[in-house]
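Engineer: One structure, pasted below without further comment.
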Amino acid sequence: VKAFSFDVIPSSLIDNIQIFKTSAPEYPADFTGGFVKITTKNMPENNFVSIDYATSYRNGTTFKDFYRYEGGKTDWLGFDDGTRALPNGFPTDLEDVTNPETYNRLSKAFNKNWTANLMTARPDQRIGITIGRKMKIKKLLLGSTTSLGYSNSMDFNALENKSYNSYDIIADKPEYKFNYIDNQYTNSIKLNALSNWSFVINRNNVIEFRNLFNQNSFTRTVLRNGLDGYSGNQIRSYEYRFMSRTTYSGQIGGKHEMNSGLLKLDWNVGYSLANKQEPDRKILLSALDETSGNYLLNIPSNANPKQAGRLYLENKEHIISNGVNLENRFNLFQIPPTIKFGYYGEYRTRNFDARNIGFVKGSNYNPTNDE
């Protein structure tokens with residue numbers, strides 16, 4: 001299913017949106033049911049500068065307690081600065097490592113950000129600036145529209161997370177596989193930029209250069225409390241996530257008219273990048289020790305990343321595209337016939353990489369050691 005998030009384009013920069021329900025040579029051949037064409041502004045009517053700012057209050061979140069784990073210095077821009085990266089020289093396959101001292105050294109080489117810090121949730125912030133310029137250089141008319149936007153929001157949700165075994169008829173009550181309350185704290189960042197240029201050579205020839213960049217990310221802390229039905233333990237677990245999505249789309253194209261507008265030609269060459277990263281998703285599980293009343297880390301004897309582990313994901317995609325459309329209208333009869341020809345080609349590469357790493361007990365492991 002092809003999906004598109006319309007919020008990546010600021011509404012003030014949309015020139016028009018057209019929806020086509022009938023196939024035509026100038027549209028990609030793989031659409032079914034309809035085709036949505038979004039045209040962004042590039043040639044402003046006049047020079048202008050527009051600045052907008054908005055803030056909002058989120059009920060149940062703003063000015064309340066908010067937990068956030070320490071990340072990198074560029075988290076506020078939606079990028080990880082390498083704080084969450086795998087340690088330098090980390091082996092591509094841990095099965096090749098046989099020396100216990102090497103394991104010990106590798107496990108301590110990761111970042112130590114295992115604790116969430118308490119803060120007060122700020123109101124949501126959004127700011128944007130748009131600049132439009134129009135100038136004439138000899139016979140060439142040049143126009144540009146450039147926009148930069150940024151938003152920072154915080155959101156808290158308390159989620160009930162339950163699963164059941166078969167109903168206990170004798171006791172007349174459900175048996176839980178688990179019964180958790182997940183307190184989810186999410187800090188979301190959106191950064192977008194648009195830069196469109198139009199070169200009007202004459203009334204019959206126009207060259208356009210369009211660029212759209214988006215960086216979306218969130219930093220999420222999940223504090224879980226509840227009953228684990230399998231072990232019968234009251235548990236507390238901690239999950240720390242950072243996920244970023246980078247998208248860029250660039251396109252250069254031209255529109256040309258000949259023979260008094262009866263013959264029209266348009267073409268384009270484009271490049272797109274989509275990069276999704278989730279570096280260092282950390283999970284820790286602790287269980288209640290009824291003797292001491294403390295929650296102790298529950299490090300397994302065999303690697304189980306759901307109890308104590310780190311996950312690294314990356315999905316990167318490159319797309320190169322090219323299209324040419326030709327329309328010839330014949331000056332015949334009262335309703336002149338039109339012949340259209342269209343071509344669209346696309347080359348796509350995608351690379352997905354995942355590292356799932358679990359911690360296990362060492363021979364000297366002591367769950368009561370505060371260090």
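All residue names refer to the structure tokens as shown: chains lettered A, B, ... in order, residues numbered from 1 in each chain, ligands numbered from 1 in order.
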Find the residues of stretch 200-256 of chain A that sit at most 12 Å from stretch 9-22 of chain A; for each, write down the nearest two atoms and how far apart they are in Å, to one decimal. Count only C-alpha atoms. Sort by chain, then by number going up, and give it as a Markdown table.

Structural biologist:
```
| residue | atom | partner | partner_atom | distance |
| --- | --- | --- | --- | --- |
| A:Asn211 | CA | A:Ile9 | CA | 11.2 |
| A:Leu212 | CA | A:Ile9 | CA | 8.2 |
| A:Phe213 | CA | A:Ile9 | CA | 9.3 |
| A:Asn214 | CA | A:Ile9 | CA | 8.8 |
| A:Gln215 | CA | A:Ile9 | CA | 11.9 |
| A:Thr247 | CA | A:Ile9 | CA | 11.8 |
| A:Tyr248 | CA | A:Ile9 | CA | 11.9 |
| A:Ser249 | CA | A:Ile9 | CA | 11.7 |
```

Engineer: Give the helix (DSSP H, G or I) residues of stretch 23-271 of chain A, as assigned by DSSP on the backbone, as a VMD selection string.

Structural biologist: chain A and resid 75 to 77 94 to 96 100 to 107

Engineer: Kindly indicate which residue among A:Leu106, A:Ile129, A:Met43, A:Ala24 lies nearest to A:Glu208, using only C-alpha atoms for the distances.

Structural biologist: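 Comparing A:Leu106, A:Ile129, A:Met43, A:Ala24 against A:Glu208, the winner is A:Met43.
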
Engineer: Can you pull out every residue within 7 Å of stretch 231-236 of chain A, counting only C-alpha atoms, but drop anything in the same chain fewer than 3 positions away, and send it as a list in words?

Structural biologist: Arg224, Asn225, Gly226, Leu227, Asp228, Leu285, Ser286, Ala287 and Leu288 of chain A

Engineer: Between A:Arg122, A:Lys162, A:Lys282, A:Arg133, which one has atoms that come closest to A:Thr61, using only C-alpha atoms?

Structural biologist: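 Selected residue with least distance to A:Thr61: A:Arg122.
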
Engineer: Using only C-alpha atoms, which residue out of A:Ile319, A:Leu311, A:Ile299, A:Leu223 lies closest to A:Val269?

Structural biologist: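 Among A:Ile319, A:Leu311, A:Ile299, A:Leu223, it is A:Ile319 that comes nearest to A:Val269.
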
Engineer: Compile a residue-level contact table for stretch 72-123 of chain A against stretch 275-280 of chain A at a cut-off of 8 Å, reporting for every qualifying residue the shortest atom pair and its distance in Å to one decimal, with only C-alpha atoms counted, rows ordered by chain and ascending number, as JSON lines.

Structural biologist:
```
{"residue": "A:Arg84", "atom": "CA", "partner": "A:Asp280", "partner_atom": "CA", "distance": 5.4}
{"residue": "A:Ala85", "atom": "CA", "partner": "A:Pro279", "partner_atom": "CA", "distance": 6.4}
{"residue": "A:Leu86", "atom": "CA", "partner": "A:Asp280", "partner_atom": "CA", "distance": 7.8}
```

Engineer: Quick one: residues within 12 Å of A:Gly362, only C-alpha atoms counted, chain neighbours fewer than 5 positions away excluded, as a list in words?

Structural biologist: Pro100, Glu101, Tyr103, Asn104, Ser107, Ile299, Pro300, Ser301, Asn302, Ala303 and Pro367 of chain A
